[in-house]
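Student: If it helps, the file is called input_39.csv and holds CSV, C-alpha atoms and all ligand atoms:
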chain,number,residue,atom,x,y,z
B,155,MET,CA,-22.1,11.0,-15.1
B,156,PRO,CA,-25.3,12.3,-13.5
B,157,SER,CA,-27.2,10.3,-10.8
B,158,GLN,CA,-30.0,8.1,-12.0
B,159,GLN,CA,-33.7,9.1,-11.5
B,160,PRO,CA,-35.3,7.8,-8.2
B,161,PHE,CA,-37.0,4.4,-8.5
B,162,ASP,CA,-34.7,3.4,-11.3
B,163,VAL,CA,-33.9,0.2,-9.4
B,164,TYR,CA,-30.7,-1.7,-10.2
B,165,ASP,CA,-30.3,-5.4,-9.5
B,166,VAL,CA,-26.8,-4.7,-8.1
B,167,THR,CA,-24.9,-1.6,-7.2
B,168,ILE,CA,-21.2,-1.9,-6.6
B,169,ILE,CA,-19.5,0.6,-4.4
B,170,GLY,CA,-16.0,1.3,-5.5
B,171,ALA,CA,-14.4,0.9,-9.0
B,172,GLY,CA,-11.0,-0.5,-8.0
B,173,PRO,CA,-10.0,-3.9,-9.6
B,174,THR,CA,-12.5,-5.8,-7.4
B,175,GLY,CA,-15.4,-3.5,-8.3
B,176,LEU,CA,-14.6,-3.4,-12.0
B,177,PHE,CA,-14.4,-7.2,-12.1
B,178,ALA,CA,-17.7,-7.5,-10.1
B,179,ALA,CA,-19.3,-5.1,-12.7
B,180,PHE,CA,-18.2,-7.3,-15.6
B,181,TYR,CA,-19.3,-10.4,-13.8
B,182,ALA,CA,-22.7,-9.1,-12.8
B,183,ALA,CA,-23.6,-7.5,-16.2
B,184,GLY,CA,-21.7,-9.9,-18.4
B,185,MET,CA,-22.0,-13.3,-16.8
B,186,ARG,CA,-25.3,-12.9,-14.9
B,187,GLY,CA,-27.2,-10.4,-17.0
B,188,MET,CA,-27.9,-8.2,-14.0
B,189,LYS,CA,-28.8,-4.5,-14.3
B,190,THR,CA,-25.6,-3.1,-12.8
B,191,LYS,CA,-24.3,0.2,-11.5
B,192,ILE,CA,-20.9,1.1,-10.0
B,193,ILE,CA,-20.5,4.2,-7.9
B,194,GLU,CA,-16.9,5.5,-7.4
B,195,ALA,CA,-15.9,8.4,-5.1
B,196,LEU,CA,-13.0,9.4,-7.3
B,197,ASP,CA,-13.2,10.9,-10.8
B,198,GLN,CA,-11.4,7.9,-12.2
B,199,VAL,CA,-11.6,4.1,-12.0
B,200,GLY,CA,-8.8,1.7,-10.9
B,201,GLY,CA,-8.7,2.3,-7.1
B,202,GLN,CA,-5.2,1.8,-5.6
B,203,LEU,CA,-3.7,0.8,-8.9
B,204,ALA,CA,-4.6,4.1,-10.5
B,205,VAL,CA,-4.0,6.3,-7.5
B,206,LEU,CA,-1.0,4.8,-5.8
B,207,TYR,CA,1.1,2.9,-8.3
B,208,PRO,CA,0.0,3.4,-11.9
B,209,GLU,CA,3.5,3.0,-13.2
B,210,LYS,CA,4.5,-0.1,-11.3
B,211,TYR,CA,4.5,-3.6,-12.8
B,212,ILE,CA,2.3,-6.2,-11.2
B,213,TYR,CA,3.5,-9.8,-11.6
B,214,ASP,CA,0.9,-11.8,-9.7
B,215,VAL,CA,-2.2,-11.5,-11.7
B,216,ALA,CA,-3.0,-14.8,-13.4
B,217,GLY,CA,-2.5,-14.7,-17.2
B,218,PHE,CA,-0.3,-11.6,-17.1
B,219,PRO,CA,3.3,-12.5,-16.4
B,220,LYS,CA,4.0,-8.7,-16.0
B,221,ILE,CA,1.6,-5.8,-16.5
B,222,LEU,CA,1.7,-2.1,-15.6
B,223,ALA,CA,-1.0,-1.3,-13.0
B,224,LYS,CA,-2.5,1.4,-15.3
B,225,ASP,CA,-2.7,-1.1,-18.1
B,226,LEU,CA,-4.4,-3.7,-15.9
B,227,VAL,CA,-6.9,-1.0,-15.1
B,228,LYS,CA,-7.5,-0.3,-18.8
B,229,GLN,CA,-8.1,-4.0,-19.5
B,230,LEU,CA,-10.5,-4.3,-16.5
B,231,GLU,CA,-12.3,-1.2,-17.7
B,232,ILE,CA,-12.7,-2.6,-21.2
B,233,GLN,CA,-13.9,-5.9,-19.8
B,234,ALA,CA,-16.4,-4.2,-17.5
B,235,THR,CA,-17.8,-1.6,-19.9
B,236,SER,CA,-18.4,-4.2,-22.6
B,237,TYR,CA,-21.6,-5.1,-20.8
B,238,LYS,CA,-22.7,-1.5,-20.3
B,239,PRO,CA,-23.0,-1.1,-16.5
B,240,VAL,CA,-23.8,2.4,-15.5
B,241,ILE,CA,-20.6,4.0,-14.1
B,242,VAL,CA,-21.1,6.9,-11.7
B,243,LEU,CA,-17.8,8.7,-11.0
B,244,GLY,CA,-17.1,11.4,-8.4
B,245,GLU,CA,-19.9,10.3,-5.9
B,246,ARG,CA,-19.1,9.0,-2.5
B,247,VAL,CA,-21.7,6.7,-0.9
B,248,GLU,CA,-22.5,8.0,2.5
B,249,GLU,CA,-25.6,6.2,3.6
B,250,LEU,CA,-27.3,2.8,3.1
B,251,LYS,CA,-31.0,2.4,4.1
B,252,TYR,CA,-33.7,-0.2,3.4
B,253,ILE,CA,-36.8,1.2,1.8
B,254,ASP,CA,-38.5,-2.1,2.2
B,255,ASN,CA,-37.3,-5.7,2.3
B,256,ASN,CA,-36.4,-5.7,-1.4
B,257,ILE,CA,-35.0,-2.2,-2.1
B,258,ILE,CA,-32.0,-0.5,-0.7
B,259,GLU,CA,-31.4,3.3,-1.0
B,260,LEU,CA,-27.8,4.5,-1.3
B,261,VAL,CA,-27.3,8.2,-0.5
B,262,THR,CA,-24.2,9.8,-2.0
B,263,ASN,CA,-22.8,13.3,-1.6
B,264,LYS,CA,-24.6,14.1,-4.8
B,265,GLY,CA,-27.7,12.0,-5.2
B,266,ILE,CA,-29.8,8.9,-4.4
B,267,HIS,CA,-29.6,5.4,-6.0
B,268,PHE,CA,-31.9,2.5,-5.6
B,269,THR,CA,-30.9,-1.1,-5.8
B,270,LYS,CA,-31.9,-4.7,-4.8
B,271,THR,CA,-28.4,-5.7,-3.7
B,272,VAL,CA,-25.1,-4.0,-2.9
B,273,ILE,CA,-21.6,-5.2,-3.3
B,274,ILE,CA,-19.1,-3.1,-1.3
B,275,CYS,CA,-15.7,-3.1,-3.0
B,276,ALA,CA,-14.4,0.0,-1.3
B,277,GLY,CA,-10.8,-1.0,-0.6
B,278,HIS,CA,-9.7,0.9,2.5
B,279,GLY,CA,-12.5,3.4,2.2
B,280,ALA,CA,-12.3,6.7,0.5
B,281,PHE,CA,-8.7,7.7,0.0
B,282,SER,CA,-7.2,10.5,2.0
B,283,PRO,CA,-3.4,10.9,2.0
B,284,ARG,CA,-1.6,11.4,5.3
B,285,LYS,CA,-0.3,15.0,5.5
B,286,LEU,CA,2.6,16.6,7.2
B,287,ASN,CA,0.6,19.2,9.0
B,288,ASN,CA,3.2,21.8,8.2
B,289,LEU,CA,1.5,25.0,6.9
B,290,SER,CA,4.6,26.1,4.9
B,291,VAL,CA,4.3,22.8,3.0
B,292,ASP,CA,0.5,22.8,2.7
B,293,ARG,CA,0.4,26.2,1.0
B,294,PHE,CA,2.2,24.8,-2.0
B,295,GLU,CA,-0.2,21.9,-2.6
B,296,GLY,CA,-0.7,21.6,-6.4
B,297,ARG,CA,2.1,24.2,-6.9
B,298,GLY,CA,5.1,21.9,-6.2
B,299,VAL,CA,3.8,19.7,-3.4
B,300,TYR,CA,2.1,16.4,-4.4
B,301,TYR,CA,0.6,13.4,-2.7
B,302,GLN,CA,0.4,11.3,-5.7
B,303,VAL,CA,2.0,10.9,-9.1
B,304,ARG,CA,-0.7,10.8,-11.8
B,305,ASP,CA,1.7,11.1,-14.7
B,306,LYS,CA,5.4,10.6,-14.1
B,307,TRP,CA,6.4,12.6,-17.2
B,308,GLU,CA,5.2,15.7,-15.3
B,309,PHE,CA,8.5,15.4,-13.4
B,310,ARG,CA,10.8,15.2,-16.4
B,311,GLY,CA,13.9,17.3,-15.9
B,312,LYS,CA,12.8,18.4,-12.4
B,313,ARG,CA,14.6,18.4,-9.0
B,314,ILE,CA,12.6,16.3,-6.8
B,315,LEU,CA,12.4,15.6,-3.1
B,316,ILE,CA,10.5,12.4,-2.1
B,317,VAL,CA,9.5,12.0,1.6
B,318,GLY,CA,8.8,8.6,3.1
B,319,GLY,CA,10.3,5.2,3.8
B,320,GLY,CA,7.6,2.8,2.5
B,321,ASP,CA,7.2,1.0,-0.8
B,322,SER,CA,5.5,4.0,-2.5
B,323,ALA,CA,8.3,6.4,-1.6
B,324,VAL,CA,11.1,4.1,-2.6
B,325,ASP,CA,9.4,2.9,-5.8
B,326,TRP,CA,8.7,6.5,-7.0
B,327,ALA,CA,12.4,7.4,-6.3
B,328,LEU,CA,13.5,4.5,-8.4
B,329,ASN,CA,10.9,5.2,-11.1
B,330,LEU,CA,11.7,8.9,-11.4
B,331,LYS,CA,15.5,8.7,-11.2
B,332,ASP,CA,16.0,8.4,-14.9
B,333,ILE,CA,13.4,11.0,-15.8
B,334,ALA,CA,14.0,13.7,-13.2
B,335,LYS,CA,17.1,16.0,-13.2
B,336,GLU,CA,17.8,14.8,-9.6
B,337,VAL,CA,16.0,12.9,-6.9
B,338,THR,CA,16.6,13.1,-3.2
B,339,LEU,CA,14.7,10.9,-0.7
B,340,ILE,CA,14.4,11.7,2.9
B,341,HIS,CA,13.0,9.5,5.6
B,342,ARG,CA,12.6,10.3,9.3
B,343,ARG,CA,13.9,6.9,10.4
B,344,THR,CA,17.1,5.0,9.5
B,345,GLU,CA,15.1,1.8,8.8
B,346,PHE,CA,12.9,1.5,5.7
B,347,ARG,CA,9.5,-0.3,5.6
B,348,ALA,CA,9.9,-0.8,1.8
B,349,HIS,CA,10.6,-4.1,0.2
B,350,GLU,CA,14.2,-5.2,1.0
B,351,GLY,CA,15.1,-5.6,-2.6
B,352,SER,CA,13.9,-2.1,-3.5
B,353,VAL,CA,15.9,-0.6,-0.6
B,354,ILE,CA,19.1,-2.3,-1.8
B,355,GLU,CA,18.4,-1.0,-5.4
B,356,LEU,CA,17.8,2.5,-3.9
B,357,PHE,CA,21.2,2.6,-2.2
B,358,HIS,CA,22.9,1.4,-5.4
B,359,SER,CA,21.1,4.1,-7.5
B,360,PRO,CA,21.9,7.7,-8.2
B,361,VAL,CA,19.1,8.8,-5.8
B,362,ARG,CA,20.5,10.8,-2.9
B,363,VAL,CA,19.2,9.3,0.4
B,364,LEU,CA,19.3,11.3,3.6
B,365,VAL,CA,18.2,9.7,6.9
B,366,PRO,CA,16.9,10.5,9.5
B,367,PHE,CA,15.8,13.7,7.9
B,368,GLU,CA,12.5,15.6,8.0
B,369,ILE,CA,11.1,18.7,6.4
B,370,LYS,CA,11.3,21.8,8.4
B,371,GLU,CA,10.0,24.5,6.0
B,372,ALA,CA,9.1,25.0,2.4
B,373,HIS,CA,10.0,28.2,0.6
B,374,GLY,CA,8.9,29.9,-2.6
B,375,GLY,CA,6.7,32.5,-4.2
B,376,GLU,CA,4.0,31.4,-6.6
B,377,ARG,CA,5.5,27.9,-6.7
B,378,LEU,CA,7.7,25.9,-4.4
B,379,GLU,CA,11.4,26.7,-4.8
B,380,ALA,CA,13.3,25.2,-1.9
B,381,VAL,CA,12.9,23.1,1.2
B,382,THR,CA,14.8,23.2,4.5
B,383,ILE,CA,15.3,19.8,6.0
B,384,PHE,CA,16.8,18.8,9.3
B,385,ASN,CA,18.4,15.7,10.8
B,386,ASN,CA,16.1,14.7,13.7
B,387,LYS,CA,19.0,13.2,15.7
B,388,THR,CA,21.8,15.9,15.3
B,389,GLY,CA,19.7,19.0,14.4
B,390,GLU,CA,21.8,19.6,11.3
B,391,GLU,CA,19.9,21.6,8.7
B,392,MET,CA,20.2,22.1,5.0
B,393,THR,CA,18.2,23.8,2.3
B,394,LEU,CA,17.7,22.0,-1.0
B,395,GLU,CA,16.5,23.8,-4.2
B,396,VAL,CA,13.7,21.7,-5.5
B,397,ASP,CA,10.9,22.0,-8.1
B,398,ALA,CA,8.7,19.3,-6.5
B,399,VAL,CA,8.1,17.5,-3.2
B,400,ILE,CA,6.3,14.2,-3.4
B,401,LEU,CA,5.0,13.2,0.0
B,402,GLN,CA,4.5,9.4,0.4
B,403,LEU,CA,3.4,9.2,4.0
B,404,GLY,CA,0.6,6.6,3.5
B,405,TYR,CA,-3.1,6.9,3.4
B,406,LEU,CA,-5.6,7.2,6.2
B,407,VAL,CA,-8.0,4.3,6.6
B,408,ASP,CA,-11.5,5.3,7.5
B,409,VAL,CA,-14.2,2.6,7.7
B,410,SER,CA,-16.4,4.5,10.1
B,411,VAL,CA,-19.0,5.2,7.4
B,412,PHE,CA,-19.6,1.4,7.1
B,413,LYS,CA,-20.0,1.1,10.9
B,414,LYS,CA,-22.8,3.7,10.7
B,415,TRP,CA,-24.7,1.5,8.2
B,416,GLY,CA,-24.9,-1.2,10.8
B,417,LEU,CA,-22.3,-3.5,9.3
B,418,ASP,CA,-20.1,-5.7,11.5
B,419,ILE,CA,-16.5,-4.5,11.3
B,420,VAL,CA,-13.5,-6.6,12.2
B,421,GLY,CA,-10.0,-5.2,12.1
B,422,ASN,CA,-10.8,-2.2,9.8
B,423,ALA,CA,-12.7,-4.3,7.3
B,424,ILE,CA,-16.3,-5.6,6.9
B,425,LYS,CA,-17.0,-9.0,8.3
B,426,VAL,CA,-18.2,-11.5,5.7
B,427,ASN,CA,-18.9,-15.2,5.5
B,428,GLY,CA,-17.6,-17.6,2.8
B,429,ARG,CA,-20.5,-16.4,0.6
B,430,MET,CA,-19.3,-12.8,0.9
B,431,GLU,CA,-22.5,-12.0,2.8
B,432,THR,CA,-22.3,-9.2,5.4
B,433,ASN,CA,-24.7,-9.2,8.4
B,434,LEU,CA,-27.1,-7.0,6.3
B,435,PRO,CA,-29.4,-8.9,3.9
B,436,GLY,CA,-28.6,-8.3,0.2
B,437,VAL,CA,-25.3,-6.5,1.1
B,438,TYR,CA,-22.0,-8.2,0.2
B,439,ALA,CA,-18.4,-7.1,0.5
B,440,ALA,CA,-15.3,-8.2,-1.6
B,441,GLY,CA,-11.7,-7.2,-2.0
B,442,ASP,CA,-9.6,-5.3,0.5
B,443,ILE,CA,-12.6,-4.1,2.4
B,444,ALA,CA,-13.8,-7.6,3.1
B,445,ASN,CA,-12.7,-9.7,6.1
B,446,PRO,CA,-13.8,-13.3,5.6
B,447,VAL,CA,-14.2,-15.0,9.0
B,448,ASP,CA,-12.8,-18.5,9.2
B,449,SER,CA,-10.6,-17.8,6.2
B,450,ILE,CA,-7.4,-15.8,5.5
B,451,LYS,CA,-7.5,-12.1,4.7
B,452,LEU,CA,-5.1,-11.3,1.9
B,453,ASN,CA,-5.1,-7.8,0.3
B,454,LEU,CA,-4.3,-8.9,-3.2
B,455,ILE,CA,-5.9,-8.3,-6.5
B,456,VAL,CA,-6.6,-11.9,-7.4
B,457,ILE,CA,-8.3,-12.5,-4.0
B,458,GLY,CA,-10.7,-9.6,-4.8
B,459,PHE,CA,-11.5,-11.1,-8.2
B,460,ALA,CA,-12.5,-14.4,-6.7
B,461,GLN,CA,-14.5,-12.7,-4.0
B,462,ALA,CA,-16.3,-10.5,-6.5
B,463,ALA,CA,-17.4,-13.6,-8.5
B,464,ILE,CA,-18.7,-15.3,-5.4
B,465,ALA,CA,-20.5,-12.1,-4.2
B,466,VAL,CA,-22.2,-11.6,-7.6
B,467,ASN,CA,-23.3,-15.2,-8.0
B,468,VAL,CA,-24.8,-15.2,-4.5
B,469,ALA,CA,-26.5,-11.8,-5.1
B,470,LYS,CA,-28.0,-13.1,-8.3
B,471,ASN,CA,-29.5,-16.1,-6.4
B,472,TYR,CA,-30.7,-13.7,-3.6
B,473,ILE,CA,-32.8,-11.6,-6.0
B,474,ASP,CA,-33.9,-14.6,-8.1
B,475,PRO,CA,-33.9,-17.8,-5.9
B,476,LYS,CA,-34.5,-19.9,-9.1
B,477,ALA,CA,-31.2,-18.8,-10.6
B,478,SER,CA,-28.4,-21.2,-9.9
B,479,ILE,CA,-25.4,-19.9,-8.0
B,480,PHE,CA,-23.1,-21.5,-10.5
B,481,PRO,CA,-23.0,-19.2,-13.5
B,482,GLY,CA,-21.9,-21.7,-16.1
B,483,HIS,CA,-18.7,-21.4,-18.1
B,484,SER,CA,-18.0,-18.3,-20.0
B,485,SER,CA,-16.4,-20.4,-22.7
B,486,GLU,CA,-19.7,-22.1,-23.4
B,487,ARG,CA,-21.8,-19.0,-23.8
B,488,ARG,CA,-22.1,-16.4,-26.4
B,489,MET,CA,-20.5,-13.3,-24.9
B,490,ALA,CA,-20.4,-9.8,-26.4
R,1,LIG,C1,2.1,0.2,-3.6
R,1,LIG,C2,1.2,-1.0,-3.8
R,1,LIG,C3,1.5,-2.1,-4.6
R,1,LIG,C4,0.7,-3.2,-4.7
R,1,LIG,N1,1.1,-4.2,-5.5
R,1,LIG,C5,0.3,-5.3,-5.6
R,1,LIG,C6,0.7,-6.4,-6.5
R,1,LIG,O1,1.7,-6.4,-7.1
R,1,LIG,N2,-0.2,-7.5,-6.5
R,1,LIG,C7,-1.4,-7.5,-5.9
R,1,LIG,O2,-2.2,-8.5,-6.0
R,1,LIG,N3,-1.8,-6.5,-5.1
R,1,LIG,C8,-1.0,-5.4,-4.9
R,1,LIG,N4,-1.4,-4.3,-4.1
R,1,LIG,C9,-2.7,-4.4,-3.4
R,1,LIG,C10,-3.8,-4.1,-4.4
R,1,LIG,O3,-3.6,-2.9,-5.0
R,1,LIG,C11,-5.2,-4.2,-3.6
R,1,LIG,O4,-5.3,-5.5,-3.1
R,1,LIG,C12,-6.3,-3.8,-4.6
R,1,LIG,O5,-6.2,-2.5,-5.1
R,1,LIG,C13,-7.7,-4.0,-3.8
R,1,LIG,O6,-8.7,-3.7,-4.8
R,1,LIG,P1,-10.1,-3.2,-4.3
R,1,LIG,O7,-10.9,-2.9,-5.6
R,1,LIG,O8,-10.6,-4.1,-3.3
R,1,LIG,O9,-9.8,-1.8,-3.5
R,1,LIG,P2,-9.2,-0.4,-4.1
R,1,LIG,O10,-8.2,-0.7,-5.1
R,1,LIG,O11,-8.7,0.2,-2.8
R,1,LIG,O12,-10.4,0.4,-4.7
R,1,LIG,C14,-11.5,0.8,-3.9
R,1,LIG,C15,-12.2,1.9,-4.5
R,1,LIG,O13,-13.4,2.2,-3.8
R,1,LIG,C16,-13.6,3.6,-3.8
R,1,LIG,N5,-14.4,3.9,-2.6
R,1,LIG,C17,-14.1,3.8,-1.3
R,1,LIG,N6,-15.1,4.2,-0.5
R,1,LIG,C18,-16.1,4.6,-1.3
R,1,LIG,C19,-17.4,5.1,-1.1
R,1,LIG,N7,-17.9,5.3,0.1
R,1,LIG,N8,-18.1,5.5,-2.2
R,1,LIG,C20,-17.7,5.3,-3.4
R,1,LIG,N9,-16.4,4.8,-3.7
R,1,LIG,C21,-15.7,4.4,-2.6
R,1,LIG,C22,-12.2,4.2,-3.6
R,1,LIG,O14,-12.1,5.5,-4.1
R,1,LIG,C23,-11.4,3.2,-4.6
R,1,LIG,O15,-11.3,3.7,-5.9
R,1,LIG,C24,-0.5,-3.2,-4.0
R,1,LIG,C25,-0.9,-2.1,-3.2
R,1,LIG,C26,-0.1,-1.0,-3.0
R,1,LIG,C27,-0.5,0.1,-2.2
Rewrite the structure from the file as structure tokens, please.
Tutor:
Amino acid sequence: MPSQQPFDVYDVTIIGAGPTGLFAAFYAAGMRGMKTKIIEALDQVGGQLAVLYPEKYIYDVAGFPKILAKDLVKQLEIQATSYKPVIVLGERVEELKYIDNNIIELVTNKGIHFTKTVIICAGHGAFSPRKLNNLSVDRFEGRGVYYQVRDKWEFRGKRILIVGGGDSAVDWALNLKDIAKEVTLIHRRTEFRAHEGSVIELFHSPVRVLVPFEIKEAHGGERLEAVTIFNNKTGEEMTLEVDAVILQLGYLVDVSVFKKWGLDIVGNAIKVNGRMETNLPGVYAAGDIANPVDSIKLNLIVIGFAQAAIAVNVAKNYIDPKASIFPGHSSERRMA
């Protein structure tokens, strides 16, 4: 969607359309009648759920005993868009400046947005997958080398090598084992960081697990055809014929952009108080990006939902001091 015209001032602009940002958008537009915009760096909504684990079940969101991450995103999107917030995709917010005491200017890589308040729901910052720094591998990016699985059916009948020892690597190995022709997982250590139960399941599954192995070289023509791996203890090498390599080496966290805006950062997150206020007036943070002092930081979806509701209600009262912070009960209003 294109950027809005200058001086089209929103009541609230939410940075990031992960679960926290989507819920904040619903809350601001639907519960508080605020003129609302969300700006998301990626070309899709859903944050970590959409990018990192769309096919995984989530069990700890209230009201859903079990829901696929991609389906939760769909529900959140339906809830948020019912109240017509403006959703701007594919724009990364790079600067935040005050025009005067009441209006904030947000500069993205594509345009400028004006707003009275900002709620930062940016997770761990803009995503950037950790790479191997191996040129022979890099040259097959998008032609057999992947950093994320957008659609698991793309790997049907394929020979797959998964690299990594965390939850994402192990979960994708388990998820793809019944769809792919064969799945091999290599990890450079003998211990796994993944959930203990998943590791036990992995070792009882048909997935071939090789540790401590790393990639030495990728081979192929137009597309990836094979990968040479080596045992980093013994030096033993083997070449595997594969159609795809899925690298699950984690994501880089970069909150430096928020530091430049003058925000207080504590432990790679933005410091907030119990009202989700940052040290900048009219600027709030919620979800994984927020570090509430004197409270407990838990990077969980439900925590982000609650923090989003607090931030929106406080922001409403900030721009309209006559408005009560308590929004009333949704069950008692006429909603769309
Ligand atoms: C493998 C895995 C499994 C998980 N399982 C669970 C689970 O079962 N239950 C649970 O509660 N939690 C789980 N989590 C954690 C949960 O996903 C996070 O707590 C949640 O995604 C945080 O939501 P968020 O909206 O705060 O941030 P995110 O989901 O990280 O979304 C932030 C969004 O902001 C965007 N953004 C960042 N910077 C900018 C910028 N400058 N401009 C514009 N956009 C920007 C990003 O692109 C992103 O889309 C899991 C996490 C992982 C990795």
Student: If you take all atoms listed in the file and a cut-off of 9 Å, which residues of range 296-386 of chain B touch range 198-214 of chain B, and what are their nearest atom pairs and distances in Å to one decimal, in chain and number order, as CSV?
Tutor:
residue,atom,partner,partner_atom,distance
B:Gln302,CA,B:Leu206,CA,6.6
B:Val303,CA,B:Leu206,CA,7.6
B:Arg304,CA,B:Val205,CA,7.0
B:Asp305,CA,B:Pro208,CA,8.4
B:Lys306,CA,B:Glu209,CA,7.9
B:Ser322,CA,B:Leu206,CA,7.3
B:Asp325,CA,B:Lys210,CA,8.0
B:Trp326,CA,B:Tyr207,CA,8.5
B:Asn329,CA,B:Glu209,CA,8.0
Student: List all protein, DNA and RNA residues that have any atom at most 8 Å from ligand LIG 1 (chain R), counting all atoms listed in the file, and write the list as a ChimeraX atom specification.
Tutor: /B:169-176,193-196,198-203,205-207,210-215,244-248,262,275-281,321-322,411,440-444,452-458
Student: Convert the current residue selection to file output with C-alpha atoms, as a tab-separated table (two decimals), in the frame of the given file.
Tutor:
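The result, written out as selection_4.tsv:
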chain	number	residue	atom	x	y	z
B	169	ILE	CA	-19.50	0.60	-4.40
B	170	GLY	CA	-16.00	1.30	-5.50
B	171	ALA	CA	-14.40	0.90	-9.00
B	172	GLY	CA	-11.00	-0.50	-8.00
B	173	PRO	CA	-10.00	-3.90	-9.60
B	174	THR	CA	-12.50	-5.80	-7.40
B	175	GLY	CA	-15.40	-3.50	-8.30
B	176	LEU	CA	-14.60	-3.40	-12.00
B	193	ILE	CA	-20.50	4.20	-7.90
B	194	GLU	CA	-16.90	5.50	-7.40
B	195	ALA	CA	-15.90	8.40	-5.10
B	196	LEU	CA	-13.00	9.40	-7.30
B	198	GLN	CA	-11.40	7.90	-12.20
B	199	VAL	CA	-11.60	4.10	-12.00
B	200	GLY	CA	-8.80	1.70	-10.90
B	201	GLY	CA	-8.70	2.30	-7.10
B	202	GLN	CA	-5.20	1.80	-5.60
B	203	LEU	CA	-3.70	0.80	-8.90
B	205	VAL	CA	-4.00	6.30	-7.50
B	206	LEU	CA	-1.00	4.80	-5.80
B	207	TYR	CA	1.10	2.90	-8.30
B	210	LYS	CA	4.50	-0.10	-11.30
B	211	TYR	CA	4.50	-3.60	-12.80
B	212	ILE	CA	2.30	-6.20	-11.20
B	213	TYR	CA	3.50	-9.80	-11.60
B	214	ASP	CA	0.90	-11.80	-9.70
B	215	VAL	CA	-2.20	-11.50	-11.70
B	244	GLY	CA	-17.10	11.40	-8.40
B	245	GLU	CA	-19.90	10.30	-5.90
B	246	ARG	CA	-19.10	9.00	-2.50
B	247	VAL	CA	-21.70	6.70	-0.90
B	248	GLU	CA	-22.50	8.00	2.50
B	262	THR	CA	-24.20	9.80	-2.00
B	275	CYS	CA	-15.70	-3.10	-3.00
B	276	ALA	CA	-14.40	0.00	-1.30
B	277	GLY	CA	-10.80	-1.00	-0.60
B	278	HIS	CA	-9.70	0.90	2.50
B	279	GLY	CA	-12.50	3.40	2.20
B	280	ALA	CA	-12.30	6.70	0.50
B	281	PHE	CA	-8.70	7.70	0.00
B	321	ASP	CA	7.20	1.00	-0.80
B	322	SER	CA	5.50	4.00	-2.50
B	411	VAL	CA	-19.00	5.20	7.40
B	440	ALA	CA	-15.30	-8.20	-1.60
B	441	GLY	CA	-11.70	-7.20	-2.00
B	442	ASP	CA	-9.60	-5.30	0.50
B	443	ILE	CA	-12.60	-4.10	2.40
B	444	ALA	CA	-13.80	-7.60	3.10
B	452	LEU	CA	-5.10	-11.30	1.90
B	453	ASN	CA	-5.10	-7.80	0.30
B	454	LEU	CA	-4.30	-8.90	-3.20
B	455	ILE	CA	-5.90	-8.30	-6.50
B	456	VAL	CA	-6.60	-11.90	-7.40
B	457	ILE	CA	-8.30	-12.50	-4.00
B	458	GLY	CA	-10.70	-9.60	-4.80
Student: So how far away is CA of Ala334 in chain B from CA of Arg310 in chain B, in Å?
Tutor: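 Taking CA of Arg310 in chain B and CA of Ala334 in chain B, their separation equals 4.8 Å.
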Student: Hey, can you check how far CA of Asn433 in chain B sits from CA of Leu230 in chain B?
Tutor: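 Pair CA of Asn433 in chain B / CA of Leu230 in chain B returns 29.1 Å.
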Student: So which residues touch Asn386 in chain B within 12 Å, counting only C-alpha atoms, skipping near sequence neighbours fewer than 3 positions away, as a ChimeraX atom specification?
Tutor: /B:340-344,364-370,383,389-391
Student: Do you have the CA of Val407 in chain B-CA of Asn445 in chain B distance handy?
Tutor: 14.8 Å
Student: Could you tell me which of B:Ser410, B:Ile464, B:Thr338, B:Tyr405 comes closest to Gly428 in chain B if we count only C-alpha atoms?
Tutor: B:Ile464
Student: Do you know which residues are at most 9 Å from Leu289 in chain B counting all atoms listed in the file, after dropping those on the same chain fewer than 5 positions away, and could you put them as a PyMOL selection string?
Tutor: chain B and resi 294+371-372
Student: Determine the nearest neighbour of Ala423 in chain B from the options B:Asp408, B:Val272, B:Ala327, B:Ile316, counting only C-alpha atoms.
Tutor: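 With only C-alpha atoms as the atom set, the closest residue is B:Asp408.
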Student: With all atoms listed in the file as the atoms that count, which of B:Leu328, B:Val227, B:Ala469, B:Leu403 lies nearest to Leu356 in chain B?
Tutor: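 Nearest to Leu356 in chain B: B:Leu328.
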Student: Within 9 Å of Leu339 in chain B, counting all atoms listed in the file, which residues qualify if same-chain residues fewer than 4 places away don't, as a VMD selection string?
Tutor: chain B and resid 314 to 319 323 to 324 327 361 to 365
Student: Taking C-alpha atoms for each residue, export the selection above as a compact mmCIF listing (two decimals), in the coordinates of the input.
Tutor:
# COMPACT_ATOMS: atom_id res chain seq x y z
CA ILE B 314 12.60 16.30 -6.80
CA LEU B 315 12.40 15.60 -3.10
CA ILE B 316 10.50 12.40 -2.10
CA VAL B 317 9.50 12.00 1.60
CA GLY B 318 8.80 8.60 3.10
CA GLY B 319 10.30 5.20 3.80
CA ALA B 323 8.30 6.40 -1.60
CA VAL B 324 11.10 4.10 -2.60
CA ALA B 327 12.40 7.40 -6.30
CA VAL B 361 19.10 8.80 -5.80
CA ARG B 362 20.50 10.80 -2.90
CA VAL B 363 19.20 9.30 0.40
CA LEU B 364 19.30 11.30 3.60
CA VAL B 365 18.20 9.70 6.90
Student: So, counting only C-alpha atoms, which residue among B:Leu243, B:Leu401, B:Ile424, B:Ala183 is closest to Ala439 in chain B?
Tutor: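 Of the candidates, the smallest distance to Ala439 in chain B is held by B:Ile424.
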Student: For Val437 in chain B, list every protein, DNA or RNA residue within 8 Å, evaluated using only C-alpha atoms, and leave out those in the same chain fewer than 2 positions away; present the list as a list in words.
Tutor: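 My reading of the contact set: Thr271, Val272, Ile273, Ile274, Glu431, Thr432, Asn433, Leu434, Pro435 and Ala439 of chain B.
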